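Only one structure is covered here, and it is reproduced in the block below.
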Amino acid sequence: VTPALISIIEKTVENLESILKEENYLGYVFALFLLAEFRESKAMPAVLNLISQPEEAAWEMMGDILTEDLGRILASISNGETDSIKQIIEDDSLDDFVRTAALDAMLILTARGELSRKKLVAYFESLYQSGLEKQSSLVWNHLVVCSINIYPVELQTCIKEAYEKELVDEEFISIQFVEEALQSGKEVVLDWLENNPDYTYVTDAVADLTRWLA
């Protein structure tokens, strides 16, 4: 069944213009959630192609899935492999919400024990130093949020420099939240991450789809 589901996504991209005119067509949405539940890593290239569409098309196709479930979908089909997810994060031609979803996917892999916190901290440090374009964006804001959610003690200097260079919007995420996370302690922060339902794999596509269609 998974080849057929992947084919649905591929055909969606091939026929994007006509599909966008069909307001009630959601075949690719069903395919995304089912492939995520099946943890089908072979779907990653097709999904990457789908979410790499121009900003307006991405939003018209995906809507709030971009902000609420795309990270879970990407983590679920990654098989623990992070190169494709990093590619999304670092591609400044993509929609910012697609890129922030990829950041969430990295947190999910850490929360679920497939990516060590040490490796994620090192990767985030590389983003602060050279991996992201040096201009203020939602991606910078979300990088700070994600750093807070893994206990940002090793990233304090990088975060401070990002604020000083005005790459992060203080009104979006205050540096005070960084201090509060540090004061909470590592165990508390990581326990919160592990038990947060937003940082889990897709395990029940029907339930997720029912929520979206309600």
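Residue numbering restarts at 1 for every chain of the structure tokens, chains are lettered A, B, ... in their displayed order, and ligands are numbered from 1 as they appear.
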Residue contacts of Gly27 of chain A (12 Å, only C-alpha atoms) excluding same-chain residues fewer than 4 positions away, as a VMD selection string: chain A and resid 4 to 12 19 to 20 22 to 23 31 to 34 61 to 62 209
Residues from the last selection, N, CA and C atoms, saved as a compact mmCIF listing (two decimals), in the first residue's frame:
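Written file, result10.txt:
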```
# COMPACT_ATOMS: atom_id res chain seq x y z
N ALA A 4 1.58 3.02 -3.39
CA ALA A 4 0.42 3.75 -3.89
C ALA A 4 0.27 5.10 -3.19
N LEU A 5 0.55 5.13 -1.90
CA LEU A 5 0.46 6.39 -1.14
C LEU A 5 1.54 7.37 -1.59
N ILE A 6 2.74 6.86 -1.81
CA ILE A 6 3.83 7.72 -2.31
C ILE A 6 3.47 8.26 -3.69
N SER A 7 2.86 7.41 -4.51
CA SER A 7 2.45 7.82 -5.85
C SER A 7 1.43 8.97 -5.80
N ILE A 8 0.56 8.95 -4.80
CA ILE A 8 -0.43 10.02 -4.65
C ILE A 8 0.29 11.36 -4.44
N ILE A 9 1.31 11.34 -3.61
CA ILE A 9 2.06 12.58 -3.34
C ILE A 9 2.81 13.02 -4.60
N GLU A 10 3.43 12.08 -5.28
CA GLU A 10 4.17 12.42 -6.50
C GLU A 10 3.24 13.01 -7.56
N LYS A 11 2.07 12.42 -7.73
CA LYS A 11 1.12 12.92 -8.72
C LYS A 11 0.54 14.27 -8.32
N THR A 12 0.46 14.51 -7.02
CA THR A 12 0.00 15.82 -6.54
C THR A 12 0.96 16.91 -7.00
N ILE A 19 -4.77 20.48 -9.14
CA ILE A 19 -5.20 19.98 -7.83
C ILE A 19 -5.55 21.13 -6.90
N LEU A 20 -4.80 22.23 -6.99
CA LEU A 20 -5.09 23.38 -6.14
C LEU A 20 -6.45 23.99 -6.44
N GLU A 22 -9.03 22.13 -7.03
CA GLU A 22 -10.02 21.20 -6.47
C GLU A 22 -10.04 21.37 -4.95
N GLU A 23 -10.92 22.21 -4.47
CA GLU A 23 -10.93 22.57 -3.05
C GLU A 23 -11.15 21.38 -2.12
N ALA A 31 -2.51 10.61 2.49
CA ALA A 31 -1.28 9.86 2.20
C ALA A 31 -0.17 10.26 3.17
N LEU A 32 -0.03 11.54 3.45
CA LEU A 32 1.02 12.00 4.35
C LEU A 32 0.89 11.37 5.74
N PHE A 33 -0.31 11.42 6.30
CA PHE A 33 -0.49 10.90 7.65
C PHE A 33 -0.35 9.38 7.70
N LEU A 34 -0.84 8.70 6.67
CA LEU A 34 -0.71 7.25 6.66
C LEU A 34 0.75 6.82 6.51
N MET A 61 -1.94 24.19 -0.01
CA MET A 61 -2.06 22.73 0.08
C MET A 61 -2.16 22.25 1.52
N MET A 62 -1.32 22.80 2.38
CA MET A 62 -1.11 22.22 3.69
C MET A 62 -1.82 22.95 4.83
N LEU A 209 -6.36 12.66 11.29
CA LEU A 209 -7.19 13.11 10.18
C LEU A 209 -8.59 13.50 10.64
```
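Those residues that approach Asp169 of chain A to within 12 Å, counting only C-alpha atoms, are Gln135, Ser136, Ser137, Leu138, Val139, Trp140, Asn141, His142, Leu143, Val144, Val145, Ile159, Ala162, Tyr163, Glu164, Lys165, Glu166, Phe172, Ile173, Ser174 and Ile175 of chain A; same-chain residues fewer than 3 positions away are not listed.
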Filtered DSSP result for segment 6-214 of chain A, state alpha helix (DSSP H), as a PyMOL selection string: chain A and resi 6-14+16-20+27-37+44-51+55-62+65-68+70-77+83-90+96-111+117-126+138-148+156-164+176-184+186-195+205-213
Non-local contacts of Arg112 of chain A (9 Å; only C-alpha atoms; under 5 positions in same chain excluded) as a list in words: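 Using only C-alpha atoms, the neighbours found are Leu107, Glu194, Tyr199, Thr200 and Tyr201 of chain A.
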Within 9 Å of Leu132 of chain A using only C-alpha atoms, minus same-chain residues under 3 positions, as a short mmCIF file (atom, residue, chain, number, x, y, z; two decimals) with C-alpha atoms, in the first residue's frame:
```cif
data_model
loop_
_atom_site.label_atom_id
_atom_site.label_comp_id
_atom_site.auth_asym_id
_atom_site.auth_seq_id
_atom_site.Cartn_x
_atom_site.Cartn_y
_atom_site.Cartn_z
CA ILE A 89 16.23 23.79 7.77
CA GLU A 90 19.17 25.33 5.93
CA ASP A 91 17.41 26.04 2.62
CA ASP A 92 16.45 29.72 2.73
CA SER A 126 26.45 25.15 13.83
CA LEU A 127 23.20 26.84 12.81
CA TYR A 128 23.88 29.79 15.10
CA GLN A 129 27.42 30.12 13.82
CA GLN A 135 18.94 38.08 8.73
CA VAL A 139 13.55 30.42 11.62
CA TRP A 140 15.89 32.27 13.99
#
```
